[in-house]
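Enquirer: If it helps, the file is called my_file13.cif and holds mmCIF, C-alpha atoms:
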```
data_input
loop_
_atom_site.label_atom_id
_atom_site.label_comp_id
_atom_site.auth_asym_id
_atom_site.auth_seq_id
_atom_site.Cartn_x
_atom_site.Cartn_y
_atom_site.Cartn_z
CA MET W 1 -96.18 58.61 15.11
CA TYR W 2 -93.37 59.99 12.97
CA GLN W 3 -91.30 60.81 16.12
CA LYS W 4 -91.83 57.23 17.45
CA LEU W 5 -90.60 55.93 14.11
CA LEU W 6 -87.40 58.06 14.31
CA LYS W 7 -86.71 56.84 17.91
CA PHE W 8 -87.11 53.22 16.81
CA MET W 9 -84.74 53.70 13.84
CA GLY W 10 -82.19 55.46 16.08
CA ALA W 11 -82.21 52.61 18.61
CA GLY W 12 -81.72 50.07 15.81
CA LEU W 13 -78.82 52.05 14.35
CA LEU W 14 -77.18 52.28 17.80
CA SER W 15 -77.52 48.49 18.24
CA VAL W 16 -75.92 47.92 14.84
CA MET W 17 -73.07 50.29 15.77
CA VAL W 18 -72.54 48.51 19.17
CA LEU W 19 -72.53 45.09 17.50
CA ALA W 20 -70.19 46.39 14.82
CA GLY W 21 -67.93 47.78 17.54
CA CYS W 22 -67.79 44.45 19.37
CA GLY W 23 -66.90 42.75 16.11
CA ALA W 24 -64.09 45.24 15.60
CA ASP W 25 -62.83 44.53 19.16
CA ASP W 26 -62.87 40.76 18.50
CA THR W 27 -60.84 41.23 15.35
CA ASP W 28 -58.34 43.39 17.18
CA GLY W 29 -58.14 40.80 19.93
CA ALA W 30 -57.34 38.04 17.50
CA GLU W 31 -54.65 40.12 15.89
CA GLY W 32 -53.30 41.46 19.14
CA ASN W 33 -54.12 38.49 21.42
CA ASN W 34 -56.04 40.85 23.71
CA ASP W 35 -59.19 38.79 24.45
CA ALA W 36 -59.45 35.53 26.39
CA ASP W 37 -60.39 33.39 23.34
CA GLY W 38 -57.46 34.76 21.31
CA ASN W 39 -55.00 34.08 24.08
CA GLY W 40 -56.25 30.53 24.44
CA GLU W 41 -55.98 29.81 20.75
CA ALA W 42 -52.48 31.29 20.67
CA ALA W 43 -51.51 29.31 23.78
CA ALA W 44 -52.89 26.17 22.20
CA ALA W 45 -51.00 26.89 19.01
CA GLU W 46 -47.89 27.62 21.02
CA ASN W 47 -48.34 24.38 22.92
CA ASN W 48 -48.77 22.53 19.65
CA ASN W 49 -45.63 24.15 18.29
CA ASN W 50 -43.75 23.25 21.45
CA GLU W 51 -44.92 19.67 21.19
CA GLU W 52 -43.90 19.56 17.54
CA ASN W 53 -40.55 21.11 18.40
CA ALA W 54 -40.13 18.66 21.23
CA ALA W 55 -40.98 15.82 18.89
CA ASN W 56 -38.61 17.19 16.31
CA ASN W 57 -35.94 17.63 18.94
CA ASP W 58 -36.53 14.12 20.13
CA GLY W 59 -36.29 12.92 16.57
CA ASN W 60 -33.18 14.92 15.93
CA ASN W 61 -31.64 13.74 19.15
CA ALA W 62 -32.51 10.20 18.25
CA ALA W 63 -30.99 10.70 14.83
CA ASP W 64 -27.92 12.26 16.39
CA ASN W 65 -27.73 9.38 18.81
CA ASN W 66 -28.02 6.94 15.92
CA ASP W 67 -25.28 8.81 14.04
CA ASP W 68 -23.13 8.70 17.13
CA GLY W 69 -23.90 5.04 17.43
CA ASN W 70 -22.98 4.42 13.82
CA GLU W 71 -19.78 6.40 14.22
CA ALA W 72 -19.03 4.50 17.37
CA ALA W 73 -19.76 1.26 15.55
CA ALA W 74 -17.52 2.35 12.69
CA ALA W 75 -14.83 3.39 15.13
CA GLY W 76 -15.28 0.04 16.82
CA GLU W 77 -14.62 -1.75 13.52
CA LEU W 78 -11.52 0.29 12.86
CA GLU W 79 -9.92 0.71 16.22
CA GLU W 80 -6.68 2.64 16.20
CA VAL W 81 -3.77 0.32 15.51
CA LYS W 82 0.00 0.50 15.71
CA ILE W 83 2.10 -1.20 13.05
CA GLY W 84 5.80 -1.84 13.34
CA ALA W 85 7.35 -1.67 9.86
CA THR W 86 10.78 -3.26 9.62
CA GLN W 87 12.94 -3.16 6.51
CA ILE W 88 16.45 -4.54 6.09
CA VAL W 89 17.67 -1.54 4.12
CA GLU W 90 16.25 1.43 2.25
CA HIS W 91 16.24 1.25 -1.54
CA PRO W 92 13.58 2.13 -4.14
CA SER W 93 12.05 -1.34 -4.50
CA LEU W 94 11.58 -1.93 -0.78
CA ASP W 95 10.44 1.66 -0.30
CA ALA W 96 7.84 1.18 -3.06
CA ALA W 97 6.58 -1.99 -1.37
CA PHE W 98 6.09 -0.10 1.90
CA GLU W 99 4.22 2.66 0.08
CA GLY W 100 1.98 0.04 -1.53
CA PHE W 101 1.32 -1.53 1.87
CA LYS W 102 0.25 1.80 3.38
CA SER W 103 -1.83 2.66 0.33
CA ALA W 104 -3.86 -0.56 0.59
CA LEU W 105 -4.51 0.03 4.28
CA ALA W 106 -5.63 3.59 3.57
CA ASP W 107 -8.00 2.30 0.89
CA SER W 108 -9.38 -0.09 3.52
CA GLY W 109 -10.05 2.69 6.02
CA TYR W 110 -6.78 2.75 7.95
CA VAL W 111 -5.54 6.28 7.39
CA GLU W 112 -2.15 7.25 8.74
CA GLY W 113 -2.48 9.88 11.44
CA GLU W 114 -6.14 9.03 12.07
CA ASN W 115 -6.49 5.40 13.08
CA VAL W 116 -3.17 3.84 12.16
CA SER W 117 0.41 4.76 13.05
CA TYR W 118 3.58 3.29 11.59
CA ASN W 119 6.85 2.89 13.43
CA PHE W 120 9.22 2.47 10.49
CA GLN W 121 12.69 1.12 11.23
CA SER W 122 15.48 0.33 8.77
CA ALA W 123 18.12 -2.17 9.86
CA GLN W 124 20.66 -0.48 7.59
CA GLY W 125 21.59 -3.83 6.12
CA ASP W 126 22.48 -5.39 9.49
CA GLN W 127 20.71 -8.58 10.65
CA ASN W 128 21.50 -7.80 14.29
CA ASN W 129 19.71 -4.48 13.90
CA ALA W 130 16.75 -6.30 12.35
CA ASN W 131 16.58 -8.59 15.41
CA THR W 132 16.69 -5.62 17.78
CA ILE W 133 13.97 -3.80 15.84
CA ALA W 134 11.67 -6.82 15.94
CA ASN W 135 12.17 -7.33 19.68
CA ASN W 136 11.47 -3.65 20.31
CA PHE W 137 8.22 -3.90 18.36
CA VAL W 138 7.15 -6.81 20.55
CA GLY W 139 8.06 -4.85 23.67
CA ASP W 140 6.06 -1.88 22.41
CA GLY W 141 2.99 -4.08 21.92
CA VAL W 142 2.38 -3.25 18.27
CA ASP W 143 -0.76 -4.71 16.72
CA MET W 144 1.03 -5.99 13.62
CA ILE W 145 4.51 -6.23 12.12
CA PHE W 146 5.03 -5.44 8.45
CA ALA W 147 8.25 -7.22 7.51
CA ASN W 148 9.78 -5.95 4.26
CA SER W 149 12.50 -8.40 3.13
CA THR W 150 13.56 -11.88 4.15
CA PRO W 151 15.96 -10.89 6.98
CA SER W 152 13.33 -8.61 8.49
CA SER W 153 10.69 -11.35 8.30
CA LEU W 154 12.96 -13.90 9.96
CA ALA W 155 13.75 -11.45 12.75
CA ALA W 156 10.06 -10.75 13.29
CA LEU W 157 9.14 -14.44 13.39
CA ASN W 158 11.93 -15.16 15.86
CA ALA W 159 10.69 -12.33 18.08
CA THR W 160 7.02 -13.28 18.33
CA GLY W 161 4.64 -16.15 17.85
CA ASP W 162 1.59 -14.07 18.71
CA ILE W 163 1.65 -10.73 16.90
CA PRO W 164 0.47 -11.06 13.27
CA ILE W 165 3.28 -10.63 10.74
CA VAL W 166 2.60 -9.75 7.10
CA PHE W 167 5.65 -9.79 4.86
CA THR W 168 6.62 -8.95 1.33
CA SER W 169 9.84 -8.60 -0.70
CA VAL W 170 10.59 -12.17 0.38
CA THR W 171 11.99 -14.29 -2.44
CA ASP W 172 11.65 -17.80 -1.03
CA ALA W 173 9.40 -17.99 2.02
CA VAL W 174 9.65 -21.78 2.25
CA GLY W 175 13.42 -21.91 1.75
CA ALA W 176 13.88 -19.18 4.35
CA GLY W 177 11.84 -21.16 6.87
CA LEU W 178 9.09 -18.57 7.23
CA VAL W 179 6.41 -21.11 6.30
CA THR W 180 6.44 -24.84 5.68
CA ALA W 181 4.63 -24.46 2.33
CA LEU W 182 3.08 -21.61 0.35
CA ASP W 183 -0.41 -22.95 1.00
CA GLU W 184 0.36 -23.49 4.68
CA PRO W 185 0.92 -20.03 6.21
CA GLY W 186 2.07 -19.78 9.80
CA GLU W 187 -0.05 -19.22 12.90
CA ASN W 188 0.99 -15.57 12.85
CA ILE W 189 2.72 -15.02 9.49
CA THR W 190 1.87 -14.80 5.81
CA GLY W 191 2.58 -12.48 2.93
CA VAL W 192 3.52 -11.95 -0.72
CA GLN W 193 6.78 -13.05 -2.33
CA ASP W 194 8.71 -10.81 -4.71
CA LEU W 195 10.03 -13.39 -7.14
CA HIS W 196 7.79 -14.70 -9.85
CA PRO W 197 8.57 -18.40 -10.38
CA GLU W 198 9.42 -17.74 -14.02
CA ALA W 199 11.44 -14.55 -13.52
CA ILE W 200 14.92 -16.04 -13.51
CA PRO W 201 14.28 -18.67 -16.25
CA MET W 202 12.79 -15.97 -18.50
CA THR W 203 15.72 -13.66 -17.82
CA VAL W 204 18.16 -16.42 -18.74
CA ASP W 205 16.16 -17.04 -21.94
CA PHE W 206 16.44 -13.32 -22.75
CA ILE W 207 20.22 -13.37 -22.28
CA GLU W 208 20.54 -16.62 -24.23
CA ASN W 209 18.49 -15.22 -27.15
CA TYR W 210 20.17 -11.82 -27.46
CA PHE W 211 23.61 -12.40 -25.90
CA PRO W 212 24.40 -16.05 -26.67
CA ASP W 213 27.60 -17.69 -25.46
CA SER W 214 27.98 -15.01 -22.80
CA THR W 215 29.55 -15.30 -19.39
CA ILE W 216 27.21 -13.83 -16.79
CA GLY W 217 28.69 -12.10 -13.77
CA THR W 218 26.64 -11.70 -10.63
CA ILE W 219 27.20 -10.37 -7.11
CA TYR W 220 25.20 -11.41 -4.07
CA ASN W 221 25.27 -11.56 -0.30
CA SER W 222 25.58 -15.20 0.74
CA GLY W 223 24.10 -14.21 4.09
CA GLU W 224 20.75 -13.44 2.48
CA GLN W 225 18.69 -16.59 2.09
CA ASN W 226 16.68 -14.97 -0.68
CA SER W 227 19.86 -14.38 -2.68
CA VAL W 228 21.18 -17.89 -2.16
CA ALA W 229 17.88 -19.29 -3.42
CA GLN W 230 18.03 -17.09 -6.52
CA ILE W 231 21.60 -18.05 -7.34
CA GLU W 232 20.64 -21.71 -7.11
CA THR W 233 17.73 -21.10 -9.46
CA LEU W 234 20.02 -19.15 -11.80
CA GLU W 235 22.49 -22.01 -11.94
CA GLU W 236 19.69 -24.44 -12.76
CA ALA W 237 18.34 -22.16 -15.50
CA ILE W 238 21.76 -21.71 -17.10
CA ASP W 239 22.44 -25.43 -17.16
CA GLY W 240 22.18 -26.69 -20.74
CA THR W 241 22.42 -23.26 -22.36
CA SER W 242 25.36 -21.58 -24.11
CA LEU W 243 25.82 -19.39 -21.03
CA SER W 244 28.17 -19.65 -18.07
CA LEU W 245 28.18 -18.02 -14.65
CA VAL W 246 30.77 -16.28 -12.47
CA THR W 247 29.79 -15.10 -8.97
CA ARG W 248 31.17 -12.80 -6.31
CA SER W 249 29.91 -12.85 -2.73
CA VAL W 250 29.86 -9.73 -0.56
CA SER W 251 28.90 -9.07 3.05
CA THR W 252 28.21 -5.36 2.92
CA SER W 253 27.26 -2.75 0.35
CA ALA W 254 30.74 -1.23 0.70
CA GLU W 255 32.19 -4.32 -0.99
CA VAL W 256 29.97 -4.16 -4.08
CA GLN W 257 32.07 -1.78 -6.19
CA GLN W 258 35.23 -3.86 -5.76
CA ALA W 259 33.31 -7.02 -6.66
CA ALA W 260 31.87 -5.40 -9.78
CA ASP W 261 35.25 -4.13 -10.94
CA SER W 262 36.80 -7.53 -10.35
CA LEU W 263 34.18 -9.15 -12.60
CA ALA W 264 34.31 -6.53 -15.35
CA GLY W 265 37.22 -8.03 -17.25
CA ASP W 266 35.82 -11.56 -17.17
CA VAL W 267 32.13 -11.32 -18.01
CA ASP W 268 29.93 -10.27 -20.95
CA VAL W 269 26.71 -9.52 -19.03
CA PHE W 270 26.01 -8.44 -15.47
CA TYR W 271 22.91 -9.95 -13.86
CA ILE W 272 21.99 -8.63 -10.41
CA VAL W 273 19.20 -10.56 -8.70
CA THR W 274 17.01 -9.01 -5.99
CA ASP W 275 19.80 -8.97 -3.42
CA ASN W 276 19.22 -6.17 -0.93
CA THR W 277 22.90 -5.59 -0.18
CA VAL W 278 23.87 -5.22 -3.84
CA VAL W 279 20.74 -3.34 -4.92
CA SER W 280 21.33 -0.78 -2.17
CA ALA W 281 24.69 -0.03 -3.83
CA LEU W 282 23.57 -0.54 -7.43
CA GLU W 283 25.08 2.72 -8.68
CA THR W 284 28.57 1.24 -8.30
CA VAL W 285 27.60 -1.70 -10.54
CA VAL W 286 26.03 0.69 -13.07
CA ALA W 287 29.24 2.71 -13.17
CA SER W 288 31.30 -0.43 -13.81
CA ALA W 289 28.84 -1.60 -16.51
CA ASN W 290 28.96 1.78 -18.27
CA ASP W 291 32.74 2.00 -18.06
CA HIS W 292 33.26 -1.46 -19.57
CA ASP W 293 30.30 -1.63 -22.01
CA ILE W 294 28.68 -4.52 -20.18
CA PRO W 295 24.86 -4.88 -20.36
CA LEU W 296 23.43 -4.78 -16.83
CA VAL W 297 20.37 -7.01 -16.42
CA VAL W 298 18.56 -6.51 -13.11
CA GLY W 299 16.00 -8.40 -11.07
CA GLU W 300 13.43 -5.66 -10.51
CA PRO W 301 12.15 -2.64 -12.47
CA ASP W 302 13.18 0.00 -9.93
CA SER W 303 16.81 -0.73 -10.71
CA LEU W 304 16.15 0.24 -14.34
CA GLY W 305 15.50 3.80 -13.28
CA ARG W 306 18.88 3.78 -11.55
CA GLY W 307 20.73 2.70 -14.69
CA GLY W 308 20.00 -0.99 -15.28
CA PHE W 309 19.46 -2.07 -18.90
CA ALA W 310 16.75 -4.77 -18.83
CA SER W 311 14.57 -6.70 -16.40
CA TYR W 312 11.81 -9.26 -16.25
CA GLY W 313 10.49 -7.83 -13.09
CA ILE W 314 7.49 -7.14 -10.96
CA ASP W 315 6.11 -3.96 -9.51
CA TYR W 316 7.07 -3.73 -5.83
CA PHE W 317 4.28 -1.27 -5.09
CA THR W 318 1.85 -3.96 -6.29
CA ILE W 319 3.14 -6.70 -4.00
CA GLY W 320 3.21 -4.25 -1.10
CA TYR W 321 -0.37 -3.29 -1.89
CA ARG W 322 -1.50 -6.92 -1.87
CA ALA W 323 0.24 -7.45 1.48
CA GLY W 324 -1.62 -4.39 2.75
CA GLU W 325 -4.94 -5.84 1.65
CA MET W 326 -4.18 -8.96 3.67
CA ALA W 327 -3.15 -6.85 6.65
CA ALA W 328 -6.39 -4.83 6.61
CA GLU W 329 -8.57 -7.92 6.81
CA ILE W 330 -6.47 -9.33 9.63
CA LEU W 331 -6.56 -6.06 11.59
CA LYS W 332 -10.35 -5.89 11.20
CA GLY W 333 -10.63 -9.39 12.64
CA GLU W 334 -12.24 -10.69 9.48
CA LYS W 335 -9.45 -13.18 8.79
CA THR W 336 -6.22 -14.47 10.28
CA THR W 337 -2.86 -15.23 8.74
CA LEU W 338 -4.01 -18.84 8.38
CA ASP W 339 -6.64 -17.69 5.86
CA PHE W 340 -4.03 -16.29 3.46
CA PRO W 341 -1.70 -18.68 1.62
CA VAL W 342 1.60 -17.06 0.71
CA GLU W 343 1.18 -15.51 -2.72
CA ASP W 344 3.48 -15.05 -5.69
CA PRO W 345 3.61 -11.71 -7.51
CA PRO W 346 1.36 -11.12 -10.50
CA GLU W 347 2.47 -11.04 -14.15
CA MET W 348 5.87 -9.89 -15.30
CA GLN W 349 6.89 -7.62 -18.13
CA LEU W 350 10.13 -7.22 -20.08
CA MET W 351 11.26 -3.69 -19.32
CA ILE W 352 14.19 -1.86 -20.91
CA ASN W 353 16.01 1.41 -20.27
CA LYS W 354 17.13 2.67 -23.72
CA GLU W 355 19.50 5.26 -22.27
CA ALA W 356 21.24 2.62 -20.17
CA ALA W 357 21.45 0.33 -23.21
CA GLU W 358 23.24 3.05 -25.13
CA GLN W 359 25.63 3.80 -22.26
CA GLN W 360 26.46 0.10 -21.92
CA GLY W 361 27.13 -0.37 -25.62
CA VAL W 362 24.17 -2.65 -26.24
CA GLU W 363 23.39 -3.25 -29.94
CA TRP W 364 19.68 -2.48 -30.26
CA ASP W 365 17.35 -5.25 -31.42
CA ASP W 366 14.25 -3.93 -33.21
CA GLU W 367 12.14 -6.73 -31.73
CA TRP W 368 12.41 -5.03 -28.34
CA ASP W 369 10.35 -2.13 -29.68
CA SER W 370 7.31 -4.40 -29.83
CA ILE W 371 7.79 -6.64 -26.79
CA ALA W 372 9.26 -4.36 -24.12
CA GLU W 373 8.01 -1.58 -21.89
CA PHE W 374 10.46 1.28 -21.68
CA VAL W 375 11.77 3.01 -18.59
CA GLU W 376 13.85 6.16 -18.37
CA THR W 377 16.74 6.84 -16.04
CA GLU W 378 15.51 8.85 -13.08
#
```
The structure given in the file should be rewritten as structure tokens.
Expert:
Amino acid sequence: MYQKLLKFMGAGLLSVMVLAGCGADDTDGAEGNNDADGNGEAAAAENNNNEENAANNDGNNAADNNDDGNEAAAAGELEEVKIGATQIVEHPSLDAAFEGFKSALADSGYVEGENVSYNFQSAQGDQNNANTIANNFVGDGVDMIFANSTPSSLAALNATGDIPIVFTSVTDAVGAGLVTALDEPGENITGVQDLHPEAIPMTVDFIENYFPDSTIGTIYNSGEQNSVAQIETLEEAIDGTSLSLVTRSVSTSAEVQQAADSLAGDVDVFYIVTDNTVVSALETVVASANDHDIPLVVGEPDSLGRGGFASYGIDYFTIGYRAGEMAAEILKGEKTTLDFPVEDPPEMQLMINKEAAEQQGVEWDDEWDSIAEFVETE
């Protein structure tokens, strides 16, 4: 009986050990993927992972495709454009206007070297060159012409009735025949003028207040419509004051020094309007003003840095920037030139160069300390 009991206990222990061994094998299989169930679960998990990866890949691809689509859409909105930039001559004011134009386009998404290119051409003060430049732009198929000055704008308008033209540094767009009225821009032309309507009258008031009974000497190119218009306005503003006017007309910048020296003995104040020919040779007028103690009043602030004494002027970068804002909307197809009336420049400011005042023998008026903005000679 005792032996039977031992045999029964031994058989039970062996069964427990066999069962325990099978359990150990199952565990090993799960860890090592050695049994059929383990492999199936792993395969299922792998399949699930593959499906998830596929889904993720599909999602990522879709997202990438959407990004590409958005980029394509963005690229579609800002297609690469070519702009022909024509300028009658290079001087700081016109150069600042061009910089403002490019800056506004860059702020609107047209970055030079990426999706916009500029073909800048200076006519070197020659109207025939301006005509040739404009015709070449048309032949090259530019998308827009930026015309910086009245002669450049006229040349561009004569060259094309189709390509959009945005101008600035134009003094009298109506008088020059660029548009019929400021609120009636042309089919393919509009822009921003550089002469505030009150600039010349306020300058005359300044001279009348601080240099009464003076004879004003001015030099201008009678071939520039913008200059002729300013001289006419100057004559009207002087009428009825204690002031008088003497003028000299030049054709090229080479004639400016002789004209200035010829005026020096006869005038009390020089006043140079925004005439491109004279401004491009302003240093010769500054030298004459300094040599003869004649205050040199100028038509734009950039000439103060070159030695002018005072100006009621506008910032050329600002008017160029505004022209660039117009250009960006036209290039994007959001508006046409007909949607932009020709604009005048924003507010003016009396600006004075103290160093130039001293060199030109100007007696300082303390009131200027409170009403003027000061500029140093560059």
Enquirer: Hey, which of W:Glu373, W:Glu363, W:Glu347, W:Glu325 ends up closest to Ala106 of chain W? Count only C-alpha atoms.
Expert: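 Of W:Glu373, W:Glu363, W:Glu347, W:Glu325, the one nearest Ala106 of chain W, counting only C-alpha atoms, is W:Glu325.
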Enquirer: Hey, can you pull every residue with an atom no more than 8 Å from (1.1, -18.8, 1.0), using all atoms listed in the file, and send it as a list in words?
Expert: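 With a cut-off of 8 Å, the residues come to Val179, Ala181, Leu182, Asp183, Glu184, Pro185, Thr190, Gly191, Val192, Phe340, Pro341, Val342 and Glu343 of chain W.
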Enquirer: Just how far from atom CA of Asn221 of chain W is atom CA of Val256 of chain W, in Å to one decimal?
Expert: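 Separation of atom CA of Val256 of chain W and atom CA of Asn221 of chain W: 9.5 Å.
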Enquirer: How far is it from atom CA of Val138 of chain W to atom CA of Ser103 of chain W, in Å with one decimal?
Expert: 24.1 Å
Enquirer: In terms of the shortest atom-to-atom distance over all atoms listed in the file, which of W:Glu224, W:Ala254, W:Gln359, W:Asp275 is closest to Asp291 of chain W?
Expert: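 Of W:Glu224, W:Ala254, W:Gln359, W:Asp275, the one nearest Asp291 of chain W, counting all atoms listed in the file, is W:Gln359.
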Enquirer: Rounded to one decimal in Å, what is the spacing between atom CA of Thr168 of chain W and atom CA of Ala147 of chain W?
Expert: 6.6 Å
Enquirer: Give me, as a PyMOL selection string, all polymer residues having an atom no more than 6 Å from Ala123 of chain W, counting only C-alpha atoms and skipping those fewer than 5 positions away in the same chain.
Expert: chain W and resi 88-89+129-130
Enquirer: For the PyMOL selection byres ((chain W and resi 141) around 12), applied here, can you spell out every residue it catches as a count of residues only?
Expert: 21
Enquirer: Need to verify the contact set: segment 299-309 of chain W, 6 Å, all atoms listed in the file, exclusion of same-chain residues closer than 6 positions in sequence. Can you return it as a count of residues only?
Expert: 11
Enquirer: Between W:Pro212, W:Glu79, W:Thr247, W:Asp344, which is the closest to Arg322 of chain W once you count all atoms listed in the file?
Expert: W:Asp344
Enquirer: Would you compute the box with edges along x, y and z of the file around segment 140-149 of chain W, including every atom the file lists for it and 8 Å extra on each side, and give its centre and edge lengths in Å to one decimal, as lines of an AutoDock Vina configuration file?
Expert:
```
center_x = 5.9
center_y = -5.1
center_z = 12.8
size_x = 29.3
size_y = 22.5
size_z = 35.3
```
Enquirer: Apply the PyMOL selection byres ((chain W and resi 265) around 12) to the file shown and report the selected residues as a list in words.
Expert: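 For this structure, the PyMOL selection byres ((chain W and resi 265) around 12) captures Thr215, Ile216, Gly217, Val246, Ala259, Ala260, Asp261, Ser262, Leu263, Ala264, Asp266, Val267, Asp268, Val269, Phe270, Ser288, Ala289, Asp291, His292, Asp293 and Ile294 of chain W.
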Enquirer: Please, could you write that set of residues out with C-alpha atoms as an mmCIF file, in the coordinates of the input?
Expert:
```cif
data_model
loop_
_atom_site.group_PDB
_atom_site.id
_atom_site.type_symbol
_atom_site.label_atom_id
_atom_site.label_comp_id
_atom_site.auth_asym_id
_atom_site.auth_seq_id
_atom_site.Cartn_x
_atom_site.Cartn_y
_atom_site.Cartn_z
ATOM 1 C CA THR W 215 29.550 -15.300 -19.390
ATOM 2 C CA ILE W 216 27.210 -13.830 -16.790
ATOM 3 C CA GLY W 217 28.690 -12.100 -13.770
ATOM 4 C CA VAL W 246 30.770 -16.280 -12.470
ATOM 5 C CA ALA W 259 33.310 -7.020 -6.660
ATOM 6 C CA ALA W 260 31.870 -5.400 -9.780
ATOM 7 C CA ASP W 261 35.250 -4.130 -10.940
ATOM 8 C CA SER W 262 36.800 -7.530 -10.350
ATOM 9 C CA LEU W 263 34.180 -9.150 -12.600
ATOM 10 C CA ALA W 264 34.310 -6.530 -15.350
ATOM 11 C CA ASP W 266 35.820 -11.560 -17.170
ATOM 12 C CA VAL W 267 32.130 -11.320 -18.010
ATOM 13 C CA ASP W 268 29.930 -10.270 -20.950
ATOM 14 C CA VAL W 269 26.710 -9.520 -19.030
ATOM 15 C CA PHE W 270 26.010 -8.440 -15.470
ATOM 16 C CA SER W 288 31.300 -0.430 -13.810
ATOM 17 C CA ALA W 289 28.840 -1.600 -16.510
ATOM 18 C CA ASP W 291 32.740 2.000 -18.060
ATOM 19 C CA HIS W 292 33.260 -1.460 -19.570
ATOM 20 C CA ASP W 293 30.300 -1.630 -22.010
ATOM 21 C CA ILE W 294 28.680 -4.520 -20.180
#
```
Enquirer: So, with all atoms listed in the file as the atoms that count, which of W:Ile133, W:Thr318, W:Phe146, W:Ala229 lies closest to Ala173 of chain W?
Expert: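 Smallest distance to Ala173 of chain W is found for W:Ala229.
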Enquirer: Taking the file as shown, what set of residues would the PyMOL selection byres ((chain W and resi 171) around 6) give back, as a list in words?
Expert: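 Selected by the PyMOL selection byres ((chain W and resi 171) around 6) here: Val170, Asp172, Gln193, Asp194, Leu195 and Asn226 of chain W.
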